[in-house]
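Before any comments, here is the structure.
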Amino acid sequence: MKQEKILWSSISILIGAVIAILALVRGAWQSGLLITVFTLWGLWIIAVLLLPYIHEAKCRQRRKQQIKKRQQEGIIPVTPLQAPLITGEPIESLLLHHVNHRISSYLQSAYPDVKWEWCEKKPEQLALHGGVGRIRVFGVSDFDHADITLDQNANIHCDMIKIVPLPGENEKESIGGNIPPNKQPVDPQIWYEVQGRNVLESLITDLNSRGHSSLTLHENGDICVVENADEIPKKHLSNFPEKVYWSRLVQVLESNGLAAEVTTQGIHVSW
């Protein structure tokens, strides 16, 4: 506002001076006086109005350079950006709700009717710092739990889990017909979940990609496939259940989407 008043005042003075020269001076002196008046007015405008702006801009630039130099030398600590405070619900709860929606979308892409809940006591810490946490799932026939992995890049990975309880005394008696003497009873379901599943699933995936459609599980635990009319062992299963448990093991394999039958050579599995 002050600069505007100075500008209009100077224009008023300029107009008055020009009118006076035009009214009082004639001849060659008139042009010279007009040029002089306009030159003086322009210099005055630059000195009064523009120079302060130029000087202030230079001072600001100099201060920025000094602050930057001091920060680089460690004289002035760099103030970190402060995250805005969110009033109401804590930030951990808001972040957990966001993670919950992502997990639900992840699971529902494979199991549309799935419902789930956290098994962790403080899932907010998992959402905040990442890591592996367990959830319980409902509405999925083959699994009842899942391990959720949250990494530092905000990626989500899910490993589905089937938890099988150890059988009680009454259940041990009904697993097989004649339990071998001096042998601990074996539950084929538990053996498959703990030892057999990972080996068989990885091998079947590899064999299927190379045109195979079946394999044979031998009594000694060897997994063999037929290539050029010869049976070639591919992998070995540790603690493979004895023959007395094979009928139950066939049921376990069939419940996991495989076709299985007991033969004279072993258990023939196809997919």
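Labels used: A, B, ... for chains in the order of the structure tokens, numbers from 1 for residues in each chain, and numbers from 1 for ligands as shown.
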
Inset, instruction - Name the residues of region 53-250 of chain A that come out as helix (DSSP H, G or I) in a backbone DSSP run; write them as JSON, numbers by chain. - result: {"A": [53, 54, 55, 56, 57, 58, 59, 60, 61, 62, 63, 64, 65, 66, 67, 68, 69, 70, 71, 72, 73, 91, 92, 93, 94, 95, 96, 97, 98, 99, 100, 101, 102, 103, 104, 105, 106, 107, 108, 123, 124, 125, 126, 127, 128, 129, 169, 170, 171, 172, 173, 174, 175, 188, 189, 190, 191, 192, 193, 194, 195, 196, 197, 198, 199, 200, 201, 202, 203, 204, 205, 206, 207, 208, 209, 243, 244, 245, 246, 247, 248, 249, 250]}

Inset, instruction - Tell me, as a PyMOL selection string, which residues lie within 10 Å of region 245-261 of chain A, counting only C-alpha atoms; anything in the same chain fewer than 4 positions away does not count. - result: chain A and resi 142+175-179+185-193+196-197+214-217+219+240-241+266-271

Pull C-alpha atoms from the residues just selected and write them as a PDB file, in the first residue's frame.
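Saved file out.pdb follows:
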```
ATOM      1  CA  ASP A 142      -9.034 -77.334   3.267  1.00  0.00           C
ATOM      2  CA  ILE A 175      -6.154 -95.551  12.892  1.00  0.00           C
ATOM      3  CA  GLY A 176      -5.107 -98.942  11.530  1.00  0.00           C
ATOM      4  CA  GLY A 177      -5.908-102.570  11.871  1.00  0.00           C
ATOM      5  CA  ASN A 178      -2.833-104.297  13.284  1.00  0.00           C
ATOM      6  CA  ILE A 179      -0.209-101.933  14.671  1.00  0.00           C
ATOM      7  CA  PRO A 185       1.145 -95.548  16.081  1.00  0.00           C
ATOM      8  CA  VAL A 186       1.291 -93.223  13.071  1.00  0.00           C
ATOM      9  CA  ASP A 187      -1.476 -90.910  11.903  1.00  0.00           C
ATOM     10  CA  PRO A 188      -1.171 -90.629   8.081  1.00  0.00           C
ATOM     11  CA  GLN A 189      -2.949 -87.256   8.166  1.00  0.00           C
ATOM     12  CA  ILE A 190      -0.358 -85.796  10.532  1.00  0.00           C
ATOM     13  CA  TRP A 191       2.529 -87.402   8.639  1.00  0.00           C
ATOM     14  CA  TYR A 192       1.278 -85.936   5.381  1.00  0.00           C
ATOM     15  CA  GLU A 193       0.866 -82.402   6.769  1.00  0.00           C
ATOM     16  CA  GLY A 196       4.711 -85.470   2.990  1.00  0.00           C
ATOM     17  CA  ARG A 197       2.856 -82.442   1.655  1.00  0.00           C
ATOM     18  CA  SER A 214       1.512 -90.154 -12.115  1.00  0.00           C
ATOM     19  CA  LEU A 215       4.109 -91.479  -9.667  1.00  0.00           C
ATOM     20  CA  THR A 216       4.513 -94.404  -7.272  1.00  0.00           C
ATOM     21  CA  LEU A 217       5.238 -94.299  -3.540  1.00  0.00           C
ATOM     22  CA  GLU A 219       7.361 -98.974   0.862  1.00  0.00           C
ATOM     23  CA  PHE A 240       6.947 -93.248   5.230  1.00  0.00           C
ATOM     24  CA  PRO A 241       3.962 -95.001   6.890  1.00  0.00           C
ATOM     25  CA  GLY A 266       3.205 -99.369  -3.569  1.00  0.00           C
ATOM     26  CA  ILE A 267       0.745 -96.491  -3.696  1.00  0.00           C
ATOM     27  CA  HIS A 268       0.071 -95.274  -7.214  1.00  0.00           C
ATOM     28  CA  VAL A 269      -0.704 -91.525  -7.257  1.00  0.00           C
ATOM     29  CA  SER A 270      -2.013 -89.657 -10.307  1.00  0.00           C
ATOM     30  CA  TRP A 271      -3.317 -86.156 -10.995  1.00  0.00           C
TER      31      TRP A 271
END
```

Inset, instruction - Between CA of Asp159 (chain A) and CA of Asn198 (chain A), measure the distance and give it in Å to one decimal. - result: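 For CA of Asp159 (chain A) relative to CA of Asn198 (chain A), the distance reads 12.3 Å.
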
Inset, instruction - Name the residues in contact with region 37-39 of chain A at a cut-off of 9 Å, using only C-alpha atoms, excluding same-chain residues fewer than 3 positions from it; report them as a list in words. - result: Leu14, Ala17, Val18, Gly32, Leu33, Leu34, Gly42, Leu43 and Trp44 of chain A

Legend entry - Pick from A:Val140, A:Arg134, A:Gln66, A:Ile148, whichever lies nearest to Val99 (chain A) using only C-alpha atoms: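 Between A:Val140, A:Arg134, A:Gln66, A:Ile148, the residue approaching Val99 (chain A) most closely is A:Ile148.
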
Inset, instruction - In Å, rounded to a single decimal, give me how far CA of Gln108 (chain A) is from CA of Ile156 (chain A). - result: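 Between CA of Ile156 (chain A) and CA of Gln108 (chain A) the gap works out to 13.8 Å.
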
Inset, instruction - Would you list the contacts of Val194 (chain A) as a VMD selection string, taking every protein, DNA or RNA residue within 12 Å and counting only C-alpha atoms, but skipping same-chain residues closer than 6 positions in sequence? - result: chain A and resid 161 to 166 187 to 188 200 237 to 240

For C-alpha atoms, I'd like the residues from the last selection saved as a PDB file, in the first residue's frame.
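Dumped everything to selection.pdb:
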```
ATOM      1  CA  ILE A 161      -2.143 -73.869   7.007  1.00  0.00           C
ATOM      2  CA  LYS A 162      -4.094 -76.906   8.181  1.00  0.00           C
ATOM      3  CA  ILE A 163      -3.569 -77.605  11.896  1.00  0.00           C
ATOM      4  CA  VAL A 164      -4.244 -81.234  12.772  1.00  0.00           C
ATOM      5  CA  PRO A 165      -4.401 -82.232  16.469  1.00  0.00           C
ATOM      6  CA  LEU A 166      -2.535 -85.282  17.668  1.00  0.00           C
ATOM      7  CA  ASP A 187      -1.476 -90.910  11.903  1.00  0.00           C
ATOM      8  CA  PRO A 188      -1.171 -90.629   8.081  1.00  0.00           C
ATOM      9  CA  LEU A 200       4.893 -84.280  -2.928  1.00  0.00           C
ATOM     10  CA  LEU A 237       9.970 -89.560   1.870  1.00  0.00           C
ATOM     11  CA  SER A 238      11.235 -89.829   5.431  1.00  0.00           C
ATOM     12  CA  ASN A 239       9.302 -91.983   7.923  1.00  0.00           C
ATOM     13  CA  PHE A 240       6.947 -93.248   5.230  1.00  0.00           C
TER      14      PHE A 240
END
```

Inset, instruction - Grab the CA of Ile103 (chain A) to CA of Leu128 (chain A) distance for me, in Å with one decimal place. - result: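 Separating CA of Ile103 (chain A) from CA of Leu128 (chain A) is a distance of 14.7 Å.
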
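Nearest to Val137 (chain A) of all the residues A:Ser213, A:Thr36, A:Gln152, A:Ser104 is A:Ser104, counting only C-alpha atoms.
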
Inset, instruction - Run DSSP on the backbone of this structure and report the residues of region 43-255 of chain A it assigns to strand (DSSP E), as a ChimeraX atom specification. - result: /A:115-118,131-138,145-150,156-161,214-217,222-227,230-236

Legend entry - Neighbour list for Pro233 (chain A) as a list in words, cut-off 8 Å, only C-alpha atoms, skip fewer than 5 positions in-chain: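 After dropping sequence-adjacent residues, the list is Asp222, Ile223, Cys224 and Val225 of chain A.
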
Output all heavy atoms for every residue in the selection just made, as an mmCIF file, in the first residue's frame.
```
data_model
loop_
_atom_site.group_PDB
_atom_site.id
_atom_site.type_symbol
_atom_site.label_atom_id
_atom_site.label_comp_id
_atom_site.auth_asym_id
_atom_site.auth_seq_id
_atom_site.Cartn_x
_atom_site.Cartn_y
_atom_site.Cartn_z
ATOM 1 N N ASP A 222 10.741 -94.263 -1.311
ATOM 2 C CA ASP A 222 11.177 -93.705 -2.586
ATOM 3 C C ASP A 222 9.968 -93.299 -3.428
ATOM 4 O O ASP A 222 8.957 -94.013 -3.478
ATOM 5 C CB ASP A 222 12.022 -94.714 -3.365
ATOM 6 C CG ASP A 222 13.403 -94.897 -2.761
ATOM 7 O OD1 ASP A 222 13.813 -94.004 -1.988
ATOM 8 O OD2 ASP A 222 14.059 -95.908 -3.058
ATOM 9 N N ILE A 223 10.108 -92.155 -4.105
ATOM 10 C CA ILE A 223 9.088 -91.689 -5.051
ATOM 11 C C ILE A 223 9.644 -91.905 -6.450
ATOM 12 O O ILE A 223 10.673 -91.318 -6.809
ATOM 13 C CB ILE A 223 8.757 -90.199 -4.835
ATOM 14 C CG1 ILE A 223 8.393 -89.942 -3.373
ATOM 15 C CG2 ILE A 223 7.631 -89.768 -5.753
ATOM 16 C CD1 ILE A 223 8.162 -88.476 -3.057
ATOM 17 N N CYS A 224 8.966 -92.745 -7.235
ATOM 18 C CA CYS A 224 9.489 -93.131 -8.544
ATOM 19 C C CYS A 224 8.505 -92.766 -9.647
ATOM 20 O O CYS A 224 7.280 -92.746 -9.435
ATOM 21 C CB CYS A 224 9.779 -94.637 -8.600
ATOM 22 S SG CYS A 224 11.028 -95.172 -7.402
ATOM 23 N N VAL A 225 9.051 -92.477 -10.833
ATOM 24 C CA VAL A 225 8.237 -92.248 -12.025
ATOM 25 C C VAL A 225 8.783 -93.130 -13.140
ATOM 26 O O VAL A 225 9.950 -93.560 -13.098
ATOM 27 C CB VAL A 225 8.263 -90.766 -12.465
ATOM 28 C CG1 VAL A 225 7.630 -89.873 -11.403
ATOM 29 C CG2 VAL A 225 9.681 -90.304 -12.755
#
```

Inset, instruction - Considering only C-alpha atoms, state which residue in the set A:Glu201, A:Asp113, A:Asp144, A:Glu92 is at the smallest distance from Gln125 (chain A). - result: A:Glu92
